[in-house]
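A.B. asks: Structure file model.txt (compact mmCIF, C-alpha atoms) is given on the next line.
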```
# COMPACT_ATOMS: atom_id res chain seq x y z
CA MET A 1 6.20 -2.91 -25.35
CA THR A 2 7.69 -4.76 -28.28
CA LYS A 3 7.58 -8.50 -28.82
CA ALA A 4 11.35 -8.60 -28.42
CA SER A 5 11.19 -7.00 -24.99
CA ASP A 6 8.32 -9.37 -24.06
CA LYS A 7 10.55 -12.26 -24.88
CA GLU A 8 13.61 -10.79 -23.18
CA PHE A 9 11.61 -10.17 -20.00
CA VAL A 10 10.06 -13.63 -19.92
CA VAL A 11 13.44 -15.29 -20.44
CA LEU A 12 14.99 -13.24 -17.62
CA LEU A 13 12.10 -13.94 -15.28
CA GLU A 14 12.14 -17.63 -16.09
CA GLU A 15 15.85 -17.77 -15.28
CA ASN A 16 15.49 -15.83 -12.03
CA GLN A 17 12.09 -17.02 -10.86
CA ASN A 18 13.49 -18.68 -7.75
CA ILE A 19 13.91 -15.26 -6.13
CA VAL A 20 10.21 -14.56 -6.58
CA HIS A 21 9.16 -18.01 -5.39
CA LYS A 22 11.24 -17.66 -2.23
CA ILE A 23 9.64 -14.31 -1.45
CA CYS A 24 6.20 -15.78 -2.09
CA ARG A 25 6.92 -18.65 0.30
CA LEU A 26 8.03 -16.25 2.97
CA TYR A 27 5.14 -13.82 2.68
CA THR A 28 2.17 -16.03 1.94
CA ASN A 29 0.40 -19.09 3.24
CA GLY A 30 -0.82 -21.66 0.80
CA LYS A 31 -0.65 -22.23 -2.91
CA ASP A 32 -3.37 -19.76 -3.94
CA GLN A 33 -1.75 -16.85 -2.14
CA HIS A 34 1.65 -17.89 -3.45
CA ASN A 35 0.31 -17.79 -7.02
CA ASP A 36 -1.47 -14.48 -6.38
CA LEU A 37 1.67 -12.81 -5.13
CA PHE A 38 3.78 -14.33 -7.92
CA GLN A 39 1.30 -12.90 -10.41
CA GLU A 40 1.40 -9.43 -8.82
CA ILE A 41 5.19 -9.41 -8.67
CA THR A 42 5.35 -10.43 -12.33
CA ILE A 43 3.05 -7.53 -13.26
CA GLN A 44 5.09 -5.04 -11.22
CA LEU A 45 8.36 -6.33 -12.71
CA TRP A 46 6.90 -6.15 -16.20
CA ARG A 47 5.72 -2.57 -15.65
CA ALA A 48 9.07 -1.49 -14.30
CA PHE A 49 11.02 -3.40 -16.96
CA PRO A 50 11.34 -0.42 -19.40
CA LYS A 51 13.29 1.34 -16.66
CA PHE A 52 15.66 -1.56 -16.24
CA ARG A 53 18.71 -0.34 -18.05
CA GLY A 54 20.93 -3.28 -17.63
CA ASP A 55 23.53 -1.37 -15.63
CA ALA A 56 22.63 -3.55 -12.67
CA LYS A 57 22.15 -7.29 -12.69
CA PHE A 58 18.57 -8.27 -13.46
CA SER A 59 18.43 -10.30 -10.27
CA THR A 60 19.58 -7.35 -8.11
CA TRP A 61 16.91 -5.13 -9.63
CA MET A 62 14.40 -7.91 -9.20
CA TYR A 63 14.96 -8.20 -5.45
CA ARG A 64 13.88 -4.61 -4.98
CA VAL A 65 10.74 -4.70 -7.10
CA ALA A 66 9.68 -8.13 -5.81
CA LEU A 67 10.19 -7.24 -2.14
CA ASN A 68 8.45 -3.90 -2.63
CA THR A 69 5.48 -5.73 -4.05
CA ALA A 70 5.40 -8.20 -1.16
CA ILE A 71 5.71 -5.66 1.65
CA THR A 72 4.14 -2.57 0.15
CA LEU A 73 1.91 -3.09 -2.84
CA TYR A 74 0.36 -6.50 -2.33
CA ARG A 75 -2.83 -6.91 -0.38
CA LYS A 76 -3.43 -10.32 1.00
CA SER A 77 -6.85 -11.49 0.06
CA LYS A 78 -8.46 -12.60 3.31
CA ARG A 79 -10.81 -15.07 1.69
CA ARG A 80 -7.82 -16.99 0.46
CA ILE A 81 -5.88 -17.22 3.66
CA GLN A 82 -5.29 -20.82 4.48
CA THR A 83 -3.61 -22.10 7.52
CA GLN A 84 -0.96 -24.40 6.34
CA ASP A 85 1.72 -25.99 8.35
CA TYR A 86 5.05 -24.46 7.53
CA ASP A 87 6.44 -27.97 7.19
CA SER A 88 4.75 -28.33 3.86
CA VAL A 89 5.61 -24.84 2.65
CA MET A 90 8.99 -23.78 3.94
CA TYR A 91 10.57 -26.83 5.27
CA LYS A 92 11.19 -29.15 2.41
CA ILE A 93 14.84 -29.44 2.99
CA THR A 94 16.80 -32.60 2.91
CA ALA A 95 16.60 -33.22 6.58
CA ASP A 96 18.44 -36.54 6.43
CA GLU A 97 21.69 -34.66 6.26
CA TYR A 98 21.17 -33.34 9.75
CA ASP A 99 20.92 -34.91 13.07
CA ASP A 100 17.62 -34.55 14.86
CA THR A 101 18.67 -31.57 16.95
CA VAL A 102 19.72 -29.50 13.97
CA GLU A 103 16.61 -30.54 12.12
CA GLU A 104 14.46 -29.50 15.03
CA GLN A 105 16.32 -26.19 15.35
CA LEU A 106 15.79 -25.45 11.68
CA LYS A 107 12.11 -26.24 11.92
CA ILE A 108 11.72 -23.85 14.82
CA MET A 109 13.71 -21.16 13.04
CA TYR A 110 11.74 -21.39 9.80
CA ALA A 111 8.57 -21.11 11.83
CA ALA A 112 10.01 -18.14 13.75
CA VAL A 113 11.06 -16.35 10.54
CA LYS A 114 7.55 -16.83 9.16
CA GLU A 115 6.20 -15.13 12.27
CA LEU A 116 8.40 -12.02 11.95
CA ASN A 117 6.87 -8.75 10.79
CA ASP A 118 7.14 -7.81 7.09
CA ILE A 119 10.21 -5.61 7.50
CA ASP A 120 12.16 -8.05 9.68
CA LYS A 121 11.29 -10.79 7.20
CA ALA A 122 12.70 -8.69 4.36
CA LEU A 123 15.90 -8.17 6.34
CA VAL A 124 16.30 -11.86 7.08
CA PHE A 125 15.44 -12.77 3.49
CA LEU A 126 18.11 -10.47 2.05
CA TYR A 127 20.59 -11.76 4.61
CA LEU A 128 19.84 -15.38 3.74
CA GLU A 129 20.25 -14.47 0.08
CA ASP A 130 23.79 -13.34 0.88
CA LYS A 131 23.16 -9.66 0.28
CA ASN A 132 25.57 -7.32 2.01
CA TYR A 133 24.41 -4.55 4.35
CA SER A 134 24.89 -1.90 1.71
CA GLU A 135 22.44 -3.70 -0.61
CA ILE A 136 20.03 -4.38 2.26
CA SER A 137 20.01 -0.74 3.29
CA GLU A 138 19.49 0.44 -0.29
CA THR A 139 16.63 -1.96 -0.88
CA LEU A 140 14.78 -1.00 2.26
CA GLY A 141 15.74 2.68 2.31
CA ILE A 142 17.39 2.69 5.72
CA THR A 143 20.97 3.40 6.69
CA GLU A 144 23.54 0.63 6.73
CA VAL A 145 24.12 1.12 10.46
CA ASN A 146 20.42 0.73 11.19
CA ALA A 147 20.22 -2.33 8.99
CA ARG A 148 23.02 -3.92 11.05
CA VAL A 149 21.46 -2.94 14.35
CA LYS A 150 18.10 -4.29 13.29
CA MET A 151 19.62 -7.50 11.97
CA ASN A 152 21.39 -8.07 15.29
CA ARG A 153 18.09 -7.59 17.09
CA VAL A 154 16.40 -10.12 14.82
CA LYS A 155 19.25 -12.56 15.44
CA GLY A 156 18.77 -12.07 19.16
CA LYS A 157 15.05 -12.69 18.78
CA LEU A 158 15.68 -15.94 16.93
CA ARG A 159 18.31 -17.03 19.41
CA LYS A 160 15.88 -16.48 22.24
CA ILE A 161 13.28 -18.59 20.50
CA LEU A 162 15.79 -21.40 20.07
CA ASN A 163 17.17 -21.19 23.58
CA PRO A 164 14.34 -20.08 25.79
CA MET B 165 28.09 -21.14 19.61
CA ILE B 166 27.18 -21.40 15.96
CA ASP B 167 25.29 -18.41 14.64
CA GLU B 168 21.71 -19.60 14.25
CA LEU B 169 21.19 -17.56 11.13
CA GLU B 170 24.29 -19.04 9.52
CA LEU B 171 22.79 -22.45 10.07
CA LEU B 172 19.60 -21.27 8.46
CA LYS B 173 21.55 -19.72 5.60
CA GLN B 174 23.25 -23.01 4.79
CA ASP B 175 19.91 -24.73 4.75
CA TRP B 176 18.15 -21.91 2.87
CA LYS B 177 20.16 -22.54 -0.27
CA LYS B 178 18.97 -26.11 -0.39
CA GLN B 179 15.34 -25.20 -0.79
CA GLU B 180 15.85 -24.22 -4.43
CA GLY B 181 15.22 -27.79 -5.53
CA SER B 182 11.79 -27.80 -3.96
CA LEU B 183 10.62 -24.52 -5.48
CA PRO B 184 7.95 -24.52 -8.19
CA HIS B 185 9.22 -23.92 -11.72
CA LEU B 186 7.23 -22.01 -14.31
CA GLU B 187 7.88 -22.27 -18.03
CA ALA B 188 7.86 -19.25 -20.35
CA LYS B 189 4.42 -20.34 -21.63
CA ASP B 190 3.08 -19.99 -18.06
CA ILE B 191 4.60 -16.52 -17.65
CA TYR B 192 3.29 -14.92 -20.88
CA PRO B 193 -0.40 -14.93 -19.83
CA MET B 194 0.58 -13.26 -16.53
CA LEU B 195 1.78 -10.17 -18.41
CA LEU B 196 -1.76 -9.59 -19.66
CA LYS B 197 -3.41 -9.79 -16.25
CA LYS B 198 -4.40 -6.67 -14.34
CA SER B 199 -2.65 -5.55 -11.21
CA SER B 200 -4.56 -5.61 -7.95
CA SER B 201 -2.00 -3.57 -6.03
CA ILE B 202 -3.11 -1.14 -3.36
CA VAL B 203 -1.80 1.74 -5.50
CA LYS B 204 -4.32 0.85 -8.16
CA TRP B 205 -7.14 0.78 -5.62
CA ILE B 206 -6.08 4.05 -4.00
CA PHE B 207 -6.03 5.59 -7.47
CA VAL B 208 -9.50 4.28 -8.38
CA ILE B 209 -11.05 5.36 -5.07
CA SER B 210 -9.40 8.78 -5.25
CA ILE B 211 -10.82 9.40 -8.71
CA ALA B 212 -14.24 8.35 -7.38
CA GLU B 213 -13.82 10.89 -4.56
CA PHE B 214 -12.94 13.68 -6.97
CA LEU B 215 -15.98 12.78 -9.08
CA PHE B 216 -18.21 12.64 -6.00
CA TRP B 217 -17.40 16.25 -5.09
CA LEU B 218 -17.80 17.32 -8.71
CA VAL B 219 -21.31 15.84 -8.79
CA ILE B 220 -22.18 17.49 -5.46
CA THR B 221 -21.06 20.83 -6.89
CA PHE B 222 -23.16 20.40 -10.01
CA MET B 223 -26.30 19.19 -8.27
CA PRO B 224 -29.15 21.18 -9.81
CA LEU B 225 -30.89 23.57 -7.44
CA ASP B 226 -34.66 23.77 -7.33
CA PRO B 227 -36.24 27.06 -8.52
CA GLU B 228 -37.33 28.04 -5.03
CA THR B 229 -33.76 27.83 -3.74
CA ILE B 230 -32.52 29.88 -6.70
CA LYS B 231 -35.16 32.53 -5.95
CA PHE B 232 -34.21 32.53 -2.30
CA MET B 233 -30.55 32.91 -3.19
CA GLU B 234 -31.26 35.79 -5.55
CA GLU B 235 -33.29 37.58 -2.91
CA GLY B 236 -30.58 37.18 -0.36
CA HIS B 237 -27.76 38.15 -2.74
CA LEU B 238 -26.34 34.72 -2.07
CA LYS B 239 -25.69 34.24 -5.78
CA THR B 240 -22.48 36.24 -5.56
CA PHE B 241 -21.47 34.15 -2.60
CA ASN B 242 -22.26 30.98 -4.57
CA THR B 243 -20.17 32.16 -7.53
CA ILE B 244 -17.22 32.90 -5.25
CA LEU B 245 -17.62 29.50 -3.59
CA LEU B 246 -17.74 27.71 -6.95
CA SER B 247 -14.62 29.54 -8.15
CA ILE B 248 -12.73 28.50 -5.03
CA GLN B 249 -14.03 24.95 -5.36
CA PHE B 250 -12.94 24.61 -8.99
CA SER B 251 -9.58 26.21 -8.42
CA GLY B 252 -9.16 23.76 -5.54
CA LEU B 253 -10.22 20.82 -7.68
CA ALA B 254 -7.72 21.77 -10.43
CA PHE B 255 -4.94 22.29 -7.89
CA PHE B 256 -5.59 19.01 -6.08
CA MET B 257 -5.98 17.01 -9.30
CA VAL B 258 -2.55 18.20 -10.52
CA TRP B 259 -1.00 17.57 -7.10
CA PHE B 260 -2.56 14.13 -6.86
CA TYR B 261 -1.44 13.18 -10.37
CA LYS B 262 2.11 14.39 -9.72
CA ASN B 263 2.28 12.36 -6.50
CA TYR B 264 0.80 9.33 -8.22
CA ARG B 265 3.41 9.52 -10.98
CA LYS B 266 6.14 9.48 -8.35
CA ILE B 267 5.16 5.99 -7.19
CA GLN B 268 7.78 3.63 -8.58
CA SER B 269 8.27 0.04 -7.53
CA THR B 270 11.97 0.47 -8.29
CA ASP B 271 12.47 2.92 -5.41
CA SER B 272 13.58 1.76 -2.00
CA ALA B 273 10.78 0.35 0.18
CA ARG B 274 10.79 3.43 2.38
CA VAL B 275 10.58 5.94 -0.49
CA LEU B 276 7.89 3.88 -2.17
CA MET B 277 5.77 3.71 0.98
CA SER B 278 6.21 7.40 1.64
CA ASN B 279 5.12 8.27 -1.92
CA ILE B 280 2.02 6.10 -1.66
CA LEU B 281 1.08 7.66 1.67
CA ASN B 282 1.63 11.15 0.23
CA THR B 283 -0.71 10.40 -2.65
CA ARG B 284 -3.33 9.33 -0.18
CA LYS B 285 -2.73 12.43 1.91
CA THR B 286 -3.42 14.65 -1.11
CA VAL B 287 -6.89 13.15 -1.42
CA LYS B 288 -7.39 13.52 2.32
CA TYR B 289 -6.56 17.24 2.09
CA TYR B 290 -8.93 17.55 -0.85
CA ILE B 291 -11.73 16.03 1.21
CA TRP B 292 -11.03 18.39 4.14
CA PHE B 293 -10.89 21.32 1.73
CA ASN B 294 -14.37 20.44 0.48
CA LEU B 295 -15.72 19.80 3.95
CA THR B 296 -14.44 23.20 5.09
CA LEU B 297 -16.08 24.92 2.14
CA PHE B 298 -19.24 22.98 2.86
CA ALA B 299 -19.20 24.08 6.48
CA ILE B 300 -18.55 27.72 5.51
CA SER B 301 -21.43 27.71 3.05
CA LEU B 302 -23.74 26.20 5.66
CA ILE B 303 -22.76 28.87 8.17
CA VAL B 304 -23.36 31.65 5.62
CA VAL B 305 -26.69 30.26 4.48
CA PHE B 306 -27.95 29.61 8.00
CA SER B 307 -26.82 32.97 9.32
CA PHE B 308 -28.63 34.54 6.39
CA LEU B 309 -31.72 32.51 7.25
CA ILE B 310 -31.57 33.69 10.83
CA ASN B 311 -31.33 37.34 9.81
CA HIS B 312 -33.76 37.22 6.90
CA THR B 313 -36.10 34.42 7.82
CA PRO B 314 -38.54 33.74 4.98
CA GLU B 315 -42.17 33.97 6.03
CA LYS B 316 -42.86 30.28 5.90
CA TYR B 317 -40.01 29.60 8.32
CA ALA B 318 -40.81 32.55 10.55
CA ASP B 319 -42.22 30.33 13.26
CA ILE B 320 -39.07 28.27 13.56
CA ASN B 321 -36.97 29.10 16.54
CA HIS B 322 -33.48 30.40 15.70
CA THR B 323 -31.95 27.95 18.09
CA TYR B 324 -33.46 25.15 16.03
CA LEU B 325 -31.83 26.52 12.92
CA ILE B 326 -28.44 26.67 14.60
CA ILE B 327 -28.83 23.13 15.94
CA ALA B 328 -29.99 21.94 12.52
CA SER B 329 -27.01 23.51 10.76
CA VAL B 330 -24.53 22.07 13.22
CA GLY B 331 -26.30 18.68 13.14
CA VAL B 332 -26.35 18.44 9.33
CA SER B 333 -22.67 19.37 9.12
CA ALA B 334 -21.71 16.90 11.86
CA VAL B 335 -23.62 14.00 10.29
CA PHE B 336 -22.18 14.73 6.87
CA ILE B 337 -18.62 15.02 8.15
CA GLY B 338 -19.12 11.92 10.31
CA ILE B 339 -20.28 9.79 7.39
CA LEU B 340 -17.36 10.88 5.24
CA TRP B 341 -14.88 10.32 8.04
CA LEU B 342 -16.25 6.83 8.61
CA PHE B 343 -16.15 6.04 4.90
CA TYR B 344 -12.60 7.30 4.76
CA ARG B 345 -11.51 5.23 7.76
CA ILE B 346 -13.08 2.05 6.44
CA VAL B 347 -11.91 2.32 2.84
CA TYR B 348 -8.35 3.41 3.50
CA GLY B 349 -8.13 1.40 6.70
CA ILE B 350 -8.74 -1.78 4.74
CA LEU B 351 -6.38 -0.74 1.98
CA ALA B 352 -3.46 0.72 3.80
CA ARG B 353 -3.32 -0.70 7.31
CA ARG B 354 -0.46 -3.04 6.51
CA LEU B 355 1.35 -0.43 4.47
CA GLU B 356 1.14 2.10 7.29
CA ALA B 357 2.36 -0.45 9.82
CA ASN B 358 5.37 -1.29 7.66
CA TYR B 359 6.15 2.37 7.03
CA LYS B 360 6.05 3.09 10.76
CA GLU B 361 8.35 0.14 11.37
CA LEU B 362 10.88 1.47 8.84
CA LYS B 363 10.65 4.97 10.25
CA ARG B 364 11.12 3.63 13.76
CA LEU B 365 14.38 2.04 12.59
CA GLU B 366 15.69 5.44 11.63
CA LEU B 367 15.14 7.02 15.01
```
What do you get writing this file as structure tokens?
C.D. replies:
Amino acid sequence: MTKASDKEFVVLLEENQNIVHKICRLYTNGKDQHNDLFQEITIQLWRAFPKFRGDAKFSTWMYRVALNTAITLYRKSKRRIQTQDYDSVMYKITADEYDDTVEEQLKIMYAAVKELNDIDKALVFLYLEDKNYSEISETLGITEVNARVKMNRVKGKLRKILNP
Amino acid sequence: MIDELELLKQDWKKQEGSLPHLEAKDIYPMLLKKSSSIVKWIFVISIAEFLFWLVITFMPLDPETIKFMEEGHLKTFNTILLSIQFSGLAFFMVWFYKNYRKIQSTDSARVLMSNILNTRKTVKYYIWFNLTLFAISLIVVFSFLINHTPEKYADINHTYLIIASVGVSAVFIGILWLFYRIVYGILARRLEANYKELKRLEL
């Protein structure tokens, strides 16, 4: 690839890196794994970049490649698995703005989302990122109806965890 | 009651401030690193498997075996077997390469997973193709041995020969099956689980 496309890619990735970091947080435990997955996603994005034609937004295209890497291509290295409390990874939110109950609920929900299987996690992630069902179904390769049904089941699962 | 996920969604947006931030100078070196994706490993192992069978095919025979084959007119059989094996190798190599080329990270998760699993399946078929040929050749050679037992093996009971042929084939197939299970089990367990989950959604 040319130097110009190198630069273009790096600029786009730098601007949109939050998407990748959020996926890494969701799918990995600990800093080493986070960096590993970020690295792999970067490589996959870079490889696929020549096919990015600019007819879609870079970020939209990025969701697909990054999620595919997390749920399909990436192999977690066992030797690097660290048990880390989700508090330090996921839950760094400004909790002062909430009362204790909401804060507690959020904590439980973040922990519950982390425990979901890879596909459910992808669904929840896309939902939290404000993607509509048409985008969710296209990214995962399932029908829109099934995406809705599944999402409702996941909601039910989370609700049950919150209100046992 | 407030939708729990809506609550999470509101909070989710606030995490952006706590995310790590990489500069362009940190990203450039990443472009030069090598991928460690499962596709890469499946590709490397598959090529090793193709090479393994190629080496087995080209293993030099000792002069006594060649003499024995000539006496028993097994040379024609061997030539036919080699032709089938090489035609098979060419066919599977093309098929494997075509499947491998189809793997694109820009496809939907389901299509991507299905393409990876198909690539793996091609190699699996190739291994079974070779094992079948191997079994056929063992049967032919052993049945020849039973009918035209060379003098030095004349004392050996035919039943022994049959047991030996079945035993050798079983051990060989067993080892390969185990190898296959371990290697691809480690590589693709998670991928298979996710693919099943997506397929289950479509039922």
A.B. asks: So, with all atoms listed in the file as the atoms that count, which of B:Pro227, B:Trp205, B:Arg274, B:Ala334 lies closest to chain A?
C.D. replies: B:Arg274
A.B. asks: Counting only C-alpha atoms, collect the residues of chain B whose closest atom lies at most 8 Å from chain A, and write them out as number ranges by chain.
C.D. replies: B: 168-169, 171-173, 175-176, 178-180, 182-188, 191-192, 194-195, 197-203, 268-277, 351, 354-355, 358, 361-362, 365-366
A.B. asks: Hey, can you spit out that residue selection with C-alpha atoms as an mmCIF file, in the frame of the given file?
C.D. replies:
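What ended up in out-v4.cif:
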```cif
data_model
loop_
_atom_site.group_PDB
_atom_site.id
_atom_site.type_symbol
_atom_site.label_atom_id
_atom_site.label_comp_id
_atom_site.auth_asym_id
_atom_site.auth_seq_id
_atom_site.Cartn_x
_atom_site.Cartn_y
_atom_site.Cartn_z
ATOM 1 C CA GLU B 168 21.710 -19.600 14.250
ATOM 2 C CA LEU B 169 21.190 -17.560 11.130
ATOM 3 C CA LEU B 171 22.790 -22.450 10.070
ATOM 4 C CA LEU B 172 19.600 -21.270 8.460
ATOM 5 C CA LYS B 173 21.550 -19.720 5.600
ATOM 6 C CA ASP B 175 19.910 -24.730 4.750
ATOM 7 C CA TRP B 176 18.150 -21.910 2.870
ATOM 8 C CA LYS B 178 18.970 -26.110 -0.390
ATOM 9 C CA GLN B 179 15.340 -25.200 -0.790
ATOM 10 C CA GLU B 180 15.850 -24.220 -4.430
ATOM 11 C CA SER B 182 11.790 -27.800 -3.960
ATOM 12 C CA LEU B 183 10.620 -24.520 -5.480
ATOM 13 C CA PRO B 184 7.950 -24.520 -8.190
ATOM 14 C CA HIS B 185 9.220 -23.920 -11.720
ATOM 15 C CA LEU B 186 7.230 -22.010 -14.310
ATOM 16 C CA GLU B 187 7.880 -22.270 -18.030
ATOM 17 C CA ALA B 188 7.860 -19.250 -20.350
ATOM 18 C CA ILE B 191 4.600 -16.520 -17.650
ATOM 19 C CA TYR B 192 3.290 -14.920 -20.880
ATOM 20 C CA MET B 194 0.580 -13.260 -16.530
ATOM 21 C CA LEU B 195 1.780 -10.170 -18.410
ATOM 22 C CA LYS B 197 -3.410 -9.790 -16.250
ATOM 23 C CA LYS B 198 -4.400 -6.670 -14.340
ATOM 24 C CA SER B 199 -2.650 -5.550 -11.210
ATOM 25 C CA SER B 200 -4.560 -5.610 -7.950
ATOM 26 C CA SER B 201 -2.000 -3.570 -6.030
ATOM 27 C CA ILE B 202 -3.110 -1.140 -3.360
ATOM 28 C CA VAL B 203 -1.800 1.740 -5.500
ATOM 29 C CA GLN B 268 7.780 3.630 -8.580
ATOM 30 C CA SER B 269 8.270 0.040 -7.530
ATOM 31 C CA THR B 270 11.970 0.470 -8.290
ATOM 32 C CA ASP B 271 12.470 2.920 -5.410
ATOM 33 C CA SER B 272 13.580 1.760 -2.000
ATOM 34 C CA ALA B 273 10.780 0.350 0.180
ATOM 35 C CA ARG B 274 10.790 3.430 2.380
ATOM 36 C CA VAL B 275 10.580 5.940 -0.490
ATOM 37 C CA LEU B 276 7.890 3.880 -2.170
ATOM 38 C CA MET B 277 5.770 3.710 0.980
ATOM 39 C CA LEU B 351 -6.380 -0.740 1.980
ATOM 40 C CA ARG B 354 -0.460 -3.040 6.510
ATOM 41 C CA LEU B 355 1.350 -0.430 4.470
ATOM 42 C CA ASN B 358 5.370 -1.290 7.660
ATOM 43 C CA GLU B 361 8.350 0.140 11.370
ATOM 44 C CA LEU B 362 10.880 1.470 8.840
ATOM 45 C CA LEU B 365 14.380 2.040 12.590
ATOM 46 C CA GLU B 366 15.690 5.440 11.630
#
```
A.B. asks: Quick one: pull the distance between CA of Leu215 (chain B) and CA of Val304 (chain B), Å, one decimal.
C.D. replies: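 Distance between the two atoms: 25.0 Å.
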A.B. asks: Go through A:Ile108, A:Phe58, A:Leu126, A:Leu116 and flag the residue nearest Pro164 (chain A), using all atoms listed in the file for the distances.
C.D. replies: A:Ile108
A.B. asks: Considering all atoms listed in the file, can you say which of B:Leu295, B:Leu238, B:Leu281, B:Leu325 comes closest to Ile220 (chain B)?
C.D. replies: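 Nearest candidate to Ile220 (chain B) out of B:Leu295, B:Leu238, B:Leu281, B:Leu325: B:Leu295.
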A.B. asks: What is the CA of Lys360 (chain B) to CA of Met151 (chain A) distance in Å?
C.D. replies: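 Atom-to-atom, CA of Lys360 (chain B) and CA of Met151 (chain A) are spaced 17.3 Å apart.
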A.B. asks: CA of Tyr290 (chain B) and CA of Ile326 (chain B), how far apart in Å?
C.D. replies: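 Straight-line distance from CA of Ile326 (chain B) to CA of Tyr290 (chain B) works out to 26.5 Å.
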A.B. asks: With a distance cut-off of 12 Å and only C-alpha atoms, select the neighbouring residues of Phe255 (chain B), excluding the residue or stretch itself and same-chain residues fewer than 3 positions from it, and output the selection as a PyMOL selection string.
C.D. replies: chain B and resi 214+248-252+258-262+286-287+289-290+293
A.B. asks: Could you dump the residues just selected with C-alpha atoms as a compact mmCIF listing (two decimals), in the frame of the given file?
C.D. replies:
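Result file is again.txt:
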```
# COMPACT_ATOMS: atom_id res chain seq x y z
CA PHE B 214 -12.94 13.68 -6.97
CA ILE B 248 -12.73 28.50 -5.03
CA GLN B 249 -14.03 24.95 -5.36
CA PHE B 250 -12.94 24.61 -8.99
CA SER B 251 -9.58 26.21 -8.42
CA GLY B 252 -9.16 23.76 -5.54
CA VAL B 258 -2.55 18.20 -10.52
CA TRP B 259 -1.00 17.57 -7.10
CA PHE B 260 -2.56 14.13 -6.86
CA TYR B 261 -1.44 13.18 -10.37
CA LYS B 262 2.11 14.39 -9.72
CA THR B 286 -3.42 14.65 -1.11
CA VAL B 287 -6.89 13.15 -1.42
CA TYR B 289 -6.56 17.24 2.09
CA TYR B 290 -8.93 17.55 -0.85
CA PHE B 293 -10.89 21.32 1.73
```
A.B. asks: Taking all atoms listed in the file into account, which of A:Asn29, A:Asn132, A:Thr101, A:Asn163 comes nearest Arg148 (chain A)?
C.D. replies: A:Asn132
A.B. asks: Which of these residues is nearest to Lys288 (chain B), using all atoms listed in the file: B:Asp190, B:Leu340, B:Phe232, B:Tyr359?
C.D. replies: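 Nearest candidate to Lys288 (chain B) out of B:Asp190, B:Leu340, B:Phe232, B:Tyr359: B:Leu340.
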A.B. asks: Output, as lines of an AutoDock Vina configuration file, the centre and edge lengths in Å (one decimal) of the axis-aligned box that contains all listed atoms of region 59-68 of chain A with 6 Å of margin on each side.
C.D. replies:
```
center_x = 14.0
center_y = -7.1
center_z = -6.2
size_x = 23.1
size_y = 18.4
size_z = 20.1
```
A.B. asks: Under the rule that all atoms listed in the file are counted, which of A:Ser134, A:Thr28, A:Asn35, A:Ser59 is the nearest residue to Asn16 (chain A)?
C.D. replies: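 Going through A:Ser134, A:Thr28, A:Asn35, A:Ser59 one by one, the smallest distance to Asn16 (chain A) is for A:Ser59.
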